[in-house]
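First comes the structure, then the notes that go with it.
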Amino acid sequence: MVESREVEVLIVGGGFSTMPLIRELEADGVDWLMVSPMTPIWQQLEEADALDFDLVSSLQSSVYSFELVEMLNELGENFTDGFPTASEFYAIHKKYAARHADHIHNDRVDSIDNHADHSLVHLESGETFRARHVVVATAFRRQMNANLKQIKVDASYAGKSVAITSTGDSSNLLIAKLVAYGAKVHLVTNGFIMLDKMFATFSPLDNGPRFVPLDQLECHNFSEVSKWSYRAFIDGGYIHGLIHNGFAKLFDRNSLGVRHPRSIRPHQDIRSFFKARAPIENGHIAIKYWPIDVYRLYCEETLEQKIDEGYLINDLPFFLEHGHVKLWDKSSATIDREAMTIREDGETASFDLIIDGDQEVPNIPEIRMHGSSDGEQFSYRPRAQFLGVASPKLDNIYTIGFTRPFTGGLNNISEMQCLLVHRMITDPAFRDEIRSDIDQRIADYNATYFARRPEKKTDHLVWYGTFTDEVAKVLGIRPKRSDTPGVKGLMKYYMFPNNVFRFRETGRYAVEGVGELIEHTAKQYHDYKVLALLVIRYPFFELLALATILLAPVPWWVKIPAAIIHNRLPFTSTLVGKFGLPTRESKAIFNYRKAISFPVLAYPLVAAVVWAAAGMGTAFGFSAALLAYVYAMIHLGTAKGWNRKFFCDMKSKRSPEMVKFFERYRKVFGRVKSIRQRADQLD
Ligand SMILES: Cc1cc2nc3c(=O)[nH]c(=O)nc-3n(C[C@H](O)[C@H](O)[C@H](O)COP(=O)(O)OP(=O)(O)OC[C@H]3O[C@@H](n4cnc5c(N)ncnc54)[C@H](O)[C@@H]3O)c2cc1C
């Protein structure tokens with residue numbers, strides 16, 4: 001019999017997601033070994049010369065807490081959030097891989113036999129390890145990853161037609177390159193949720209725009225105050241699959257869904273979005289993109305350099321609006337792969353190349369369970385895995401990195417999972433406590449985070465801030481409201497997003513310097529005052545509308561259904577969504593916004609005084625007049641281009657200014673890429 005080597009903790013897979021676990025194991029002096037051929041997706045892309053894009057998630061949510069602290073220490077006041085490029089991101093991984101190189105065994109795991117107190121890990125080389133604990137972090141398998149490596153998009157695509165049958169961040173990256181080179185894309189889709197990944201906020205106190213990434217504006221704890229308000233704020237009048245198309249046509253004719261109906265995700269896919277007990281349900285996919293107007297503000301001055309670094313315009317709504325991309329309905333379009341045509345409703349288009357994608361599938365080696373079900377093979381299901389890390393069917397085997405965020409970075413999820421796994425490995429009492437009622441814990445989680453619907457292949461996608469919060473609660477490291485006194489503390493508790501580092505300021509897993517990092521971040525975002533105003537504004541607008549209905553001189557049995565209809569049809573969130581953000585830093589714009597916001601914020605008090613002094617009829621007149629004024633002003637601002645919708649602002653995408661900028665972008669893109677190509681050829 002071949003003897004097996006013994007190790008306390010064996011980590012299968014050397015990717016980005018397990019480095020925080022290694023840090024904790026090292027701090028405790030636990031014996032560990034990583035088995036991996038070290039071929040993370042980033043290494044594969046680098047080898048294929050395709051590491052030429054920026055991340056869809058912000059720096060704050062994509063990078064380890066301790067790494068962010070190091071960056072802050074190094075850069076001081078110049079440390080800002082933004083979107084790291086793929087090569088910057090991979091450089092961090094390389095740094096840690098090099099640091100731990102002597103603990104990395106270069107091989108691939110073939111299979112694992114799991115027993116009650118150990119596992120036998122079989123490698124492709126024939127070697128076997130006997131490990132007390134095994135951590136599997138082997139990422140996902142996905143066709144689109146192979147496409148990104150194999151399909152070299154270059155100038156030869158100019159004038160070509162390319163059909164793409166999957167929609168997600170990766171296919172959107174391919175679309176960005178194809179369109180920049182002048183190709184036409186036929187996107188065969190069953191709809192999508194498109195979210196602007198960066199916002200520009202203006203303040204009279206600043207000289208120019210302040211940039212805030214989408215994932216840093218999610219203020220997850222605010223949902224504790226009111227789930228209803230939180231959902232309305234997050235929606236921003238956007239989730240058009242939930243809005244009846246007739247209503248959308250009437251109130252927001254300029255929305256993406258009305259202008260491009262095939263972009264609307266089928267109602268059955270999206271209707272559970274706000275239907276779980278949690279503020280937002282697990283299991284939804286969103287594409288995060290650079291809106292062209294914000295991209296312009298961010299990149300125009302150094303366009304050449306930015307394109308060279310990998311910052312590309314991937315504004316799908318803009319591409320749709322200008323015919324660079326055409327949508328086809330997956331459920332009714334017919335694709336003839338031999339004739340290379342797509343047909344739908346009597347319309348036919350031909351294509352020169354078709355690119356297919358698929359769903360991501362965990363790339364877990366075979367695990368045989370030797371417990372009650374001898375030799376049975378383990379299969380990973382998001383709804384059967386406690387917080388994505390522990391299965392009731394496996395003893396001392398953990399999984400990391402198979403839970404993903406639909407906004408924000410994977411690191412927010414995986415660093416938290418690393419802490420949970422670390423505690424389960426090193427604290428037997430904690431592990432026993434979890435295992436004693438793990439089935440109940442999983443059931444409770446599922447009842448909170450999934451609406452009543454069948455399982456689907458996207459169930460592993462979570463709202464990052466509620467996920468990190470759940471893990472923090474289990475680990476006992478979640479800061480309480482009473483831990484942050486004062487007004488600043490109030491803002492910090494309710495407005496600061498649940499990035500993983502929020503849970504590493506104090507407590508068992510504290511990282512020195514996180515306090516300064518939080519303070520620095522809050523300062524950069526003006527202590528989240530803009531966000532607080534946005535969040536607070538919604539209930540006041542809703543109150544004005546509902547109070548107007550309730551004060552109306554009509555019988556009560558008309559008022560009640562009218563209030564319900566008002567609430568069911570998202571009048572207010574559509575309105576507030578349209579009000580959105582100011583488009584530029586002129587003082588006049590701020591006065592216009594104040595002229596709308598201040599009367600609405602003062603409304604409850606003034607209306608109460610009017611009612612007490614002059615009676616219900618006058619109070620109704622006052623409310624109705626204010627409501628009409630607000631509607632008129634917001635529509636005026638939208639028509640004039642002073643308001644920018646939070647998501648998919650079609651008005652800015654249609655402006656001639658943006659069309660002109662895109663023409664310039666394309667020219668610069670072509671120039672930068674050809675210089676690159678020539679340099680590569682010389683190498
Ligand atoms: C194009 C693209 C863009 C992305 N953009 C973002 C983004 O903007 N933000 C973000 O947060 N995330 C992004 N991701 C997702 C995610 O962050 C990365 O994929 C991340 O590197 C995943 O880390 P991981 O450790 O789970 O997997 P990986 O880093 O891929 O590592 C997996 C490791 O497992 C090893 N392995 C596999 N099978 C075995 C085996 N049988 N035995 C031993 N070892 C094995 C591999 O060699 C590899 O070293 C993106 C992914 C892609 C493909």
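Convention: chains lettered A, B, ... in structure tokens order; per-chain residue numbering from 1; ligands numbered from 1 as shown.
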
Would you list the contacts of Gly617 in chain A as a PyMOL selection string, taking every protein, DNA or RNA residue within 12 Å and counting only C-alpha atoms, but skipping same-chain residues closer than 4 positions in sequence? chain A and resi 548+550-554+607+610-613+621-624

Can I get the selected residues back with N, CA and C atoms, as an mmCIF file, in the first residue's frame?
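Printed below is again.cif as written:
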```
data_model
loop_
_atom_site.group_PDB
_atom_site.id
_atom_site.type_symbol
_atom_site.label_atom_id
_atom_site.label_comp_id
_atom_site.auth_asym_id
_atom_site.auth_seq_id
_atom_site.Cartn_x
_atom_site.Cartn_y
_atom_site.Cartn_z
ATOM 1 N N THR A 548 -51.963 62.759 -0.244
ATOM 2 C CA THR A 548 -52.865 63.450 -1.181
ATOM 3 C C THR A 548 -54.075 62.564 -1.474
ATOM 4 N N LEU A 550 -55.253 60.184 0.505
ATOM 5 C CA LEU A 550 -56.059 60.015 1.724
ATOM 6 C C LEU A 550 -56.823 61.293 2.105
ATOM 7 N N LEU A 551 -56.302 62.442 1.732
ATOM 8 C CA LEU A 551 -56.993 63.710 2.052
ATOM 9 C C LEU A 551 -58.053 64.078 1.009
ATOM 10 N N ALA A 552 -58.041 63.345 -0.113
ATOM 11 C CA ALA A 552 -58.938 63.707 -1.230
ATOM 12 C C ALA A 552 -60.416 63.678 -0.802
ATOM 13 N N PRO A 553 -61.233 64.611 -1.326
ATOM 14 C CA PRO A 553 -62.657 64.665 -0.941
ATOM 15 C C PRO A 553 -63.474 63.599 -1.679
ATOM 16 N N VAL A 554 -63.125 62.323 -1.460
ATOM 17 C CA VAL A 554 -63.866 61.202 -2.062
ATOM 18 C C VAL A 554 -64.141 60.189 -0.950
ATOM 19 N N ALA A 607 -47.993 70.401 6.064
ATOM 20 C CA ALA A 607 -49.340 69.863 5.823
ATOM 21 C C ALA A 607 -50.110 69.743 7.138
ATOM 22 N N VAL A 610 -51.242 73.200 8.097
ATOM 23 C CA VAL A 610 -52.344 73.637 7.221
ATOM 24 C C VAL A 610 -53.635 72.936 7.631
ATOM 25 N N TRP A 611 -53.543 71.656 7.901
ATOM 26 C CA TRP A 611 -54.732 70.880 8.289
ATOM 27 C C TRP A 611 -55.333 71.445 9.590
ATOM 28 N N ALA A 612 -54.433 71.652 10.577
ATOM 29 C CA ALA A 612 -54.904 72.139 11.877
ATOM 30 C C ALA A 612 -55.522 73.537 11.744
ATOM 31 N N ALA A 613 -54.914 74.375 10.904
ATOM 32 C CA ALA A 613 -55.385 75.765 10.800
ATOM 33 C C ALA A 613 -56.584 75.927 9.877
ATOM 34 N N GLY A 621 -55.885 70.492 -0.977
ATOM 35 C CA GLY A 621 -55.495 71.418 -2.047
ATOM 36 C C GLY A 621 -53.991 71.658 -2.043
ATOM 37 N N PHE A 622 -53.468 71.866 -0.836
ATOM 38 C CA PHE A 622 -52.024 72.108 -0.703
ATOM 39 C C PHE A 622 -51.230 70.886 -1.185
ATOM 40 N N SER A 623 -51.657 69.680 -0.733
ATOM 41 C CA SER A 623 -50.942 68.446 -1.096
ATOM 42 C C SER A 623 -50.990 68.225 -2.606
ATOM 43 N N ALA A 624 -52.203 68.376 -3.179
ATOM 44 C CA ALA A 624 -52.356 68.113 -4.615
ATOM 45 C C ALA A 624 -51.509 69.100 -5.428
#
```

For chain A against ligand 1, with a cut-off of 8 Å and counting only C-alpha atoms and all ligand atoms, what is the closest atom pair and its distance in Å to one decimal for every residue that makes the cut, ordered by chain and number, as a tab-separated table?
```
residue	atom	partner	partner_atom_place_in_ligand_line	distance
A:Val12	CA	ligand 1	43 (C)	4.9
A:Gly13	CA	ligand 1	34 (O)	3.3
A:Gly14	CA	ligand 1	49 (O)	3.8
A:Gly15	CA	ligand 1	31 (O)	3.1
A:Phe16	CA	ligand 1	25 (O)	4.0
A:Ser17	CA	ligand 1	25 (O)	3.8
A:Thr18	CA	ligand 1	25 (O)	6.1
A:Val35	CA	ligand 1	43 (C)	5.4
A:Ser36	CA	ligand 1	44 (N)	3.7
A:Pro37	CA	ligand 1	47 (O)	4.6
A:Met38	CA	ligand 1	49 (O)	3.6
A:Thr39	CA	ligand 1	47 (O)	3.5
A:Pro40	CA	ligand 1	30 (O)	3.5
A:Ile41	CA	ligand 1	30 (O)	4.4
A:Trp42	CA	ligand 1	21 (O)	6.4
A:Asp54	CA	ligand 1	8 (O)	7.0
A:Leu55	CA	ligand 1	8 (O)	3.4
A:Val56	CA	ligand 1	8 (O)	3.8
A:Ser57	CA	ligand 1	8 (O)	4.5
A:Ser58	CA	ligand 1	8 (O)	7.5
A:Ser61	CA	ligand 1	11 (O)	7.4
A:Ser62	CA	ligand 1	11 (O)	4.9
A:Ala86	CA	ligand 1	5 (N)	7.6
A:Asp107	CA	ligand 1	43 (C)	6.3
A:Arg108	CA	ligand 1	42 (N)	3.7
A:Val109	CA	ligand 1	42 (N)	3.8
A:Asp110	CA	ligand 1	41 (N)	5.8
A:Ser111	CA	ligand 1	41 (N)	7.9
A:Leu123	CA	ligand 1	42 (N)	7.7
A:Ala137	CA	ligand 1	26 (O)	5.6
A:Thr138	CA	ligand 1	34 (O)	3.7
A:Ala139	CA	ligand 1	26 (O)	4.0
A:Phe140	CA	ligand 1	26 (O)	7.2
A:Met144	CA	ligand 1	53 (C)	7.8
A:Asn145	CA	ligand 1	53 (C)	5.3
A:Leu148	CA	ligand 1	1 (C)	7.0
A:Asp169	CA	ligand 1	3 (C)	7.2
A:Ser170	CA	ligand 1	1 (C)	5.3
A:Leu173	CA	ligand 1	1 (C)	7.9
A:Asn363	CA	ligand 1	38 (N)	6.3
A:Ile364	CA	ligand 1	41 (N)	6.7
A:Pro365	CA	ligand 1	41 (N)	5.3
A:Ile400	CA	ligand 1	26 (O)	7.0
A:Gly401	CA	ligand 1	26 (O)	4.4
A:Phe402	CA	ligand 1	26 (O)	6.8
A:Pro405	CA	ligand 1	11 (O)	7.8
A:Gly408	CA	ligand 1	11 (O)	6.5
A:Gly409	CA	ligand 1	11 (O)	3.2
A:Leu410	CA	ligand 1	11 (O)	3.6
A:Asn411	CA	ligand 1	11 (O)	5.7
A:Asn412	CA	ligand 1	11 (O)	7.9
A:Ser414	CA	ligand 1	26 (O)	7.9
```

Please dump the current selection as a short mmCIF file (atom, residue, chain, number, x, y, z; two decimals), in the first residue's frame; keep N, CA and C atoms.
```
data_model
loop_
_atom_site.label_atom_id
_atom_site.label_comp_id
_atom_site.auth_asym_id
_atom_site.auth_seq_id
_atom_site.Cartn_x
_atom_site.Cartn_y
_atom_site.Cartn_z
N VAL A 12 -7.39 22.84 -1.83
CA VAL A 12 -7.38 22.39 -3.23
C VAL A 12 -7.71 23.60 -4.10
N GLY A 13 -6.75 24.04 -4.91
CA GLY A 13 -6.98 25.19 -5.79
C GLY A 13 -6.28 26.41 -5.27
N GLY A 14 -5.43 26.99 -6.12
CA GLY A 14 -4.65 28.17 -5.69
C GLY A 14 -5.14 29.41 -6.37
N GLY A 15 -6.31 29.86 -5.99
CA GLY A 15 -6.87 31.06 -6.63
C GLY A 15 -6.86 32.24 -5.70
N PHE A 16 -7.53 33.27 -6.13
CA PHE A 16 -7.57 34.51 -5.38
C PHE A 16 -8.33 34.35 -4.07
N SER A 17 -9.30 33.42 -4.07
CA SER A 17 -10.27 33.45 -2.98
C SER A 17 -9.80 32.82 -1.66
N THR A 18 -8.67 32.15 -1.62
CA THR A 18 -8.30 31.50 -0.35
C THR A 18 -7.15 32.20 0.38
N VAL A 35 -2.65 22.45 -2.89
CA VAL A 35 -2.35 21.65 -4.08
C VAL A 35 -3.02 22.35 -5.25
N SER A 36 -2.23 22.76 -6.21
CA SER A 36 -2.80 23.49 -7.35
C SER A 36 -1.79 23.61 -8.48
N PRO A 37 -2.26 23.48 -9.71
CA PRO A 37 -1.35 23.77 -10.83
C PRO A 37 -1.18 25.27 -11.05
N MET A 38 -1.84 26.07 -10.20
CA MET A 38 -1.78 27.53 -10.25
C MET A 38 -2.15 28.07 -11.64
N THR A 39 -3.35 27.68 -12.04
CA THR A 39 -3.83 28.19 -13.33
C THR A 39 -5.16 28.93 -13.13
N PRO A 40 -5.17 29.97 -12.27
CA PRO A 40 -6.42 30.72 -12.14
C PRO A 40 -6.78 31.35 -13.47
N ILE A 41 -8.03 31.75 -13.59
CA ILE A 41 -8.50 32.32 -14.86
C ILE A 41 -7.62 33.49 -15.30
N TRP A 42 -7.10 34.24 -14.34
CA TRP A 42 -6.31 35.43 -14.68
C TRP A 42 -4.98 35.02 -15.33
N ASP A 54 -10.94 46.18 -17.41
CA ASP A 54 -11.01 46.54 -16.00
C ASP A 54 -12.13 45.73 -15.33
N LEU A 55 -12.07 45.62 -14.03
CA LEU A 55 -13.05 44.80 -13.31
C LEU A 55 -14.44 45.44 -13.34
N VAL A 56 -15.44 44.62 -13.10
CA VAL A 56 -16.79 45.18 -12.99
C VAL A 56 -17.09 45.56 -11.54
N SER A 57 -16.22 45.15 -10.63
CA SER A 57 -16.44 45.47 -9.21
C SER A 57 -15.37 46.45 -8.74
N SER A 58 -15.74 47.25 -7.75
CA SER A 58 -14.83 48.31 -7.31
C SER A 58 -13.65 47.73 -6.52
N SER A 61 -14.38 46.55 -2.99
CA SER A 61 -15.09 45.29 -2.79
C SER A 61 -14.37 44.11 -3.45
N SER A 62 -13.27 44.38 -4.14
CA SER A 62 -12.60 43.29 -4.88
C SER A 62 -11.30 42.84 -4.24
N ALA A 86 -7.60 44.34 -14.84
CA ALA A 86 -7.41 42.90 -14.62
C ALA A 86 -5.95 42.61 -14.26
N ASP A 107 0.27 20.38 -8.49
CA ASP A 107 -0.40 19.16 -9.00
C ASP A 107 -1.89 19.44 -9.05
N ARG A 108 -2.64 18.49 -9.56
CA ARG A 108 -4.10 18.66 -9.67
C ARG A 108 -4.76 17.54 -8.87
N VAL A 109 -5.80 17.89 -8.14
CA VAL A 109 -6.51 16.87 -7.36
C VAL A 109 -7.48 16.13 -8.27
N ASP A 110 -7.42 14.81 -8.19
CA ASP A 110 -8.27 13.98 -9.04
C ASP A 110 -9.57 13.64 -8.32
N SER A 111 -9.45 13.21 -7.05
CA SER A 111 -10.65 12.86 -6.28
C SER A 111 -10.33 12.90 -4.79
N LEU A 123 -4.11 12.78 -5.93
CA LEU A 123 -3.66 13.72 -6.95
C LEU A 123 -3.51 13.02 -8.30
N ALA A 137 -11.42 25.03 -3.42
CA ALA A 137 -11.64 26.38 -4.00
C ALA A 137 -11.16 26.36 -5.45
N THR A 138 -11.84 25.56 -6.24
CA THR A 138 -11.36 25.30 -7.61
C THR A 138 -12.14 26.09 -8.66
N ALA A 139 -12.91 27.08 -8.24
CA ALA A 139 -13.62 28.00 -9.14
C ALA A 139 -14.66 27.29 -10.04
N PHE A 140 -15.11 28.03 -11.04
CA PHE A 140 -16.17 27.52 -11.92
C PHE A 140 -15.60 27.16 -13.29
N MET A 144 -17.73 30.73 -21.52
CA MET A 144 -17.38 32.12 -21.85
C MET A 144 -15.93 32.42 -21.47
N ASN A 145 -15.41 31.76 -20.41
CA ASN A 145 -14.00 31.95 -20.05
C ASN A 145 -13.10 31.47 -21.18
N LEU A 148 -13.13 33.95 -24.00
CA LEU A 148 -12.29 35.14 -23.77
C LEU A 148 -10.82 34.85 -24.10
N ASP A 169 -21.49 39.65 -17.82
CA ASP A 169 -20.37 40.59 -17.83
C ASP A 169 -19.30 40.19 -18.84
N SER A 170 -19.04 38.87 -18.96
CA SER A 170 -17.97 38.45 -19.87
C SER A 170 -18.37 38.65 -21.32
N LEU A 173 -18.04 42.14 -22.27
CA LEU A 173 -16.66 42.55 -22.55
C LEU A 173 -16.32 42.28 -24.02
N ASN A 363 -16.33 23.65 -10.45
CA ASN A 363 -15.34 22.75 -11.03
C ASN A 363 -14.74 21.86 -9.93
N ILE A 364 -15.61 21.20 -9.16
CA ILE A 364 -15.15 20.48 -7.97
C ILE A 364 -14.73 19.05 -8.34
N PRO A 365 -13.54 18.61 -7.88
CA PRO A 365 -13.15 17.23 -8.17
C PRO A 365 -14.12 16.25 -7.50
N ILE A 400 -15.02 27.15 -0.88
CA ILE A 400 -14.91 28.63 -0.90
C ILE A 400 -14.92 29.11 -2.36
N GLY A 401 -15.64 30.20 -2.59
CA GLY A 401 -15.60 30.84 -3.92
C GLY A 401 -16.72 30.43 -4.85
N PHE A 402 -17.64 29.56 -4.36
CA PHE A 402 -18.75 29.12 -5.23
C PHE A 402 -20.03 29.91 -4.96
N PRO A 405 -21.24 37.31 -6.01
CA PRO A 405 -22.10 38.49 -5.83
C PRO A 405 -22.74 38.91 -7.16
N GLY A 408 -20.72 44.08 -6.95
CA GLY A 408 -19.58 44.01 -6.03
C GLY A 408 -18.65 42.87 -6.37
N GLY A 409 -17.56 42.80 -5.59
CA GLY A 409 -16.51 41.84 -5.92
C GLY A 409 -16.67 40.51 -5.20
N LEU A 410 -16.08 39.50 -5.82
CA LEU A 410 -16.12 38.17 -5.21
C LEU A 410 -15.42 38.18 -3.86
N ASN A 411 -14.42 39.06 -3.71
CA ASN A 411 -13.65 39.03 -2.48
C ASN A 411 -14.50 39.32 -1.24
N ASN A 412 -15.51 40.18 -1.39
CA ASN A 412 -16.39 40.44 -0.25
C ASN A 412 -16.98 39.14 0.28
N SER A 414 -15.74 35.88 -0.59
CA SER A 414 -14.77 34.82 -0.28
C SER A 414 -13.94 35.12 0.96
#
```

Fewer than 6 positions away in the same chain doesn't count, so skip those; otherwise give me all residues within 12 Å of Ser223 in chain A, counting only C-alpha atoms, as JSON, numbers by chain. {"A": [229, 230, 231, 232, 233, 234, 277, 278, 279, 280, 465, 466, 493, 494, 495, 497, 498, 535]}

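If you look at CA of Asn221 in chain A and CA of Arg502 in chain A, they are 11.7 Å away from each other.
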
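Of the residues under consideration (A:Ala349, A:Val179, A:Ala545, A:Ile112), A:Val179 shows the shortest atom-to-atom contact distance to Phe669 in chain A when counting only C-alpha atoms.
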
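Between CA of Leu33 in chain A and CA of Leu394 in chain A the interatomic distance comes to 20.1 Å.
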
Enumerate, as JSON, numbers by chain, the complete set of residues in range 544-653 of chain A that a backbone-based DSSP assignment places in helix (DSSP H, G or I). {"A": [544, 545, 546, 547, 548, 549, 550, 551, 556, 557, 558, 559, 560, 561, 562, 563, 564, 565, 566, 567, 568, 571, 572, 573, 574, 575, 576, 577, 578, 579, 587, 588, 589, 590, 591, 592, 593, 594, 595, 596, 597, 598, 599, 600, 601, 602, 603, 604, 605, 606, 607, 608, 609, 610, 611, 612, 613, 614, 616, 617, 618, 619, 620, 621, 622, 623, 624, 625, 626, 627, 628, 629, 630, 631, 632, 633, 634, 635, 636, 637, 638, 639, 640, 650, 651, 652, 653]}

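Each of A:Gly670, A:Leu543, A:Phe496, A:Asp356 was compared to Phe222 in chain A using only C-alpha atoms, and A:Phe496 turns out to be the nearest.
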
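Using only C-alpha atoms, the smallest distance between any of A:Val69, A:Ile413, A:Leu534, A:Leu256 and Cys219 in chain A comes from A:Leu534.
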
Nearby residues (only C-alpha atoms) at most 12 Å from Pro317 in chain A, same-chain spacing under 6 positions excluded, as number ranges by chain: A: 172, 175-176, 192-196, 254-263, 287-292, 323-327, 647-654

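Take the candidates A:Thr618, A:Gln417, A:Ser161, A:Ser597 and check each one against Val471 in chain A using only C-alpha atoms; the shortest distance goes to A:Gln417.
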
8 Å contact set for range 475-484 of chain A, only C-alpha atoms, chain neighbours under 5 positions out, as a list in words: Leu420, Arg423, Asp469, Gly489, Leu490, Lys492, Tyr493, Phe503, Arg504, Thr506, Gly507, Arg508 and Tyr509 of chain A

Would you output that residue set with N, CA and C atoms, as a compact mmCIF listing (two decimals), in the first residue's frame?
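Listing of out-v2.txt after writing:
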```txt
# COMPACT_ATOMS: atom_id res chain seq x y z
N LEU A 420 -14.99 32.22 8.08
CA LEU A 420 -15.89 31.20 8.62
C LEU A 420 -15.22 29.82 8.60
N ARG A 423 -12.58 29.55 11.27
CA ARG A 423 -13.12 29.32 12.63
C ARG A 423 -13.59 27.87 12.76
N ASP A 469 -23.05 40.17 5.94
CA ASP A 469 -23.70 40.42 7.22
C ASP A 469 -24.08 39.11 7.90
N GLY A 489 -21.63 58.26 13.65
CA GLY A 489 -21.84 56.83 13.87
C GLY A 489 -23.11 56.35 13.19
N LEU A 490 -24.13 57.22 13.24
CA LEU A 490 -25.41 56.88 12.61
C LEU A 490 -25.21 56.69 11.11
N LYS A 492 -22.38 56.09 9.64
CA LYS A 492 -21.50 54.96 9.40
C LYS A 492 -22.29 53.66 9.43
N TYR A 493 -23.18 53.56 10.40
CA TYR A 493 -23.93 52.30 10.56
C TYR A 493 -24.89 52.09 9.39
N PHE A 503 -16.30 44.50 8.80
CA PHE A 503 -16.38 43.53 9.90
C PHE A 503 -15.01 43.20 10.48
N ARG A 504 -13.99 43.91 9.99
CA ARG A 504 -12.65 43.61 10.46
C ARG A 504 -12.01 44.82 11.16
N THR A 506 -12.90 45.71 14.42
CA THR A 506 -12.65 45.25 15.79
C THR A 506 -13.03 43.76 15.85
N GLY A 507 -12.84 43.18 17.01
CA GLY A 507 -13.28 41.80 17.21
C GLY A 507 -12.25 40.76 16.82
N ARG A 508 -12.67 39.52 16.83
CA ARG A 508 -11.80 38.36 16.63
C ARG A 508 -10.94 38.45 15.37
N TYR A 509 -11.50 39.00 14.29
CA TYR A 509 -10.77 39.04 13.02
C TYR A 509 -10.32 40.45 12.63
```

At a cut-off of 12 Å, using only C-alpha atoms, what residues contact Leu544 in chain A? Leave out same-chain residues fewer than 5 positions from it and give the result as an MDAnalysis selection string. chainID A and resid 537:539 549:551 563 566 571:572 597 599:608 619:620 622:631

Identify, with DSSP run on backbone atoms, the residues in range 269-368 of chain A assigned to strand (DSSP E), and express the list as a PDB file with C-alpha atoms, in the first residue's frame.
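The file below, selection_26.pdb, is the result:
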```
ATOM      1  CA  ILE A 287     -24.523  43.250 -15.964  1.00  0.00           C
ATOM      2  CA  LYS A 288     -22.455  46.123 -14.680  1.00  0.00           C
ATOM      3  CA  TYR A 289     -21.308  48.582 -17.341  1.00  0.00           C
ATOM      4  CA  VAL A 325     -26.078  45.727 -31.168  1.00  0.00           C
ATOM      5  CA  LYS A 326     -29.399  44.212 -32.162  1.00  0.00           C
ATOM      6  CA  LEU A 327     -31.461  42.098 -29.791  1.00  0.00           C
ATOM      7  CA  TRP A 328     -33.180  38.837 -30.705  1.00  0.00           C
ATOM      8  CA  ASP A 329     -35.567  37.022 -28.418  1.00  0.00           C
ATOM      9  CA  THR A 334     -34.387  30.549 -34.863  1.00  0.00           C
ATOM     10  CA  ILE A 335     -30.665  30.184 -35.369  1.00  0.00           C
ATOM     11  CA  ASP A 336     -29.522  28.276 -38.454  1.00  0.00           C
ATOM     12  CA  THR A 341     -28.623  33.213 -40.031  1.00  0.00           C
ATOM     13  CA  ILE A 342     -31.001  34.287 -37.267  1.00  0.00           C
ATOM     14  CA  ARG A 343     -34.708  34.598 -37.963  1.00  0.00           C
ATOM     15  CA  GLU A 344     -37.500  36.105 -35.916  1.00  0.00           C
ATOM     16  CA  GLU A 347     -36.835  39.291 -40.102  1.00  0.00           C
ATOM     17  CA  THR A 348     -33.564  37.579 -41.022  1.00  0.00           C
ATOM     18  CA  ALA A 349     -29.946  38.543 -40.383  1.00  0.00           C
ATOM     19  CA  SER A 350     -26.780  36.701 -41.291  1.00  0.00           C
ATOM     20  CA  LEU A 353     -19.346  34.033 -36.369  1.00  0.00           C
ATOM     21  CA  ILE A 354     -21.439  32.748 -33.497  1.00  0.00           C
ATOM     22  CA  ILE A 355     -20.227  32.817 -29.892  1.00  0.00           C
ATOM     23  CA  VAL A 361     -20.698  25.135 -13.003  1.00  0.00           C
ATOM     24  CA  PRO A 362     -18.523  24.445  -9.919  1.00  0.00           C
ATOM     25  CA  GLU A 366     -15.032  14.028  -7.399  1.00  0.00           C
ATOM     26  CA  ILE A 367     -15.729  13.707  -3.663  1.00  0.00           C
ATOM     27  CA  ARG A 368     -16.842  10.278  -2.367  1.00  0.00           C
TER      28      ARG A 368
END
```
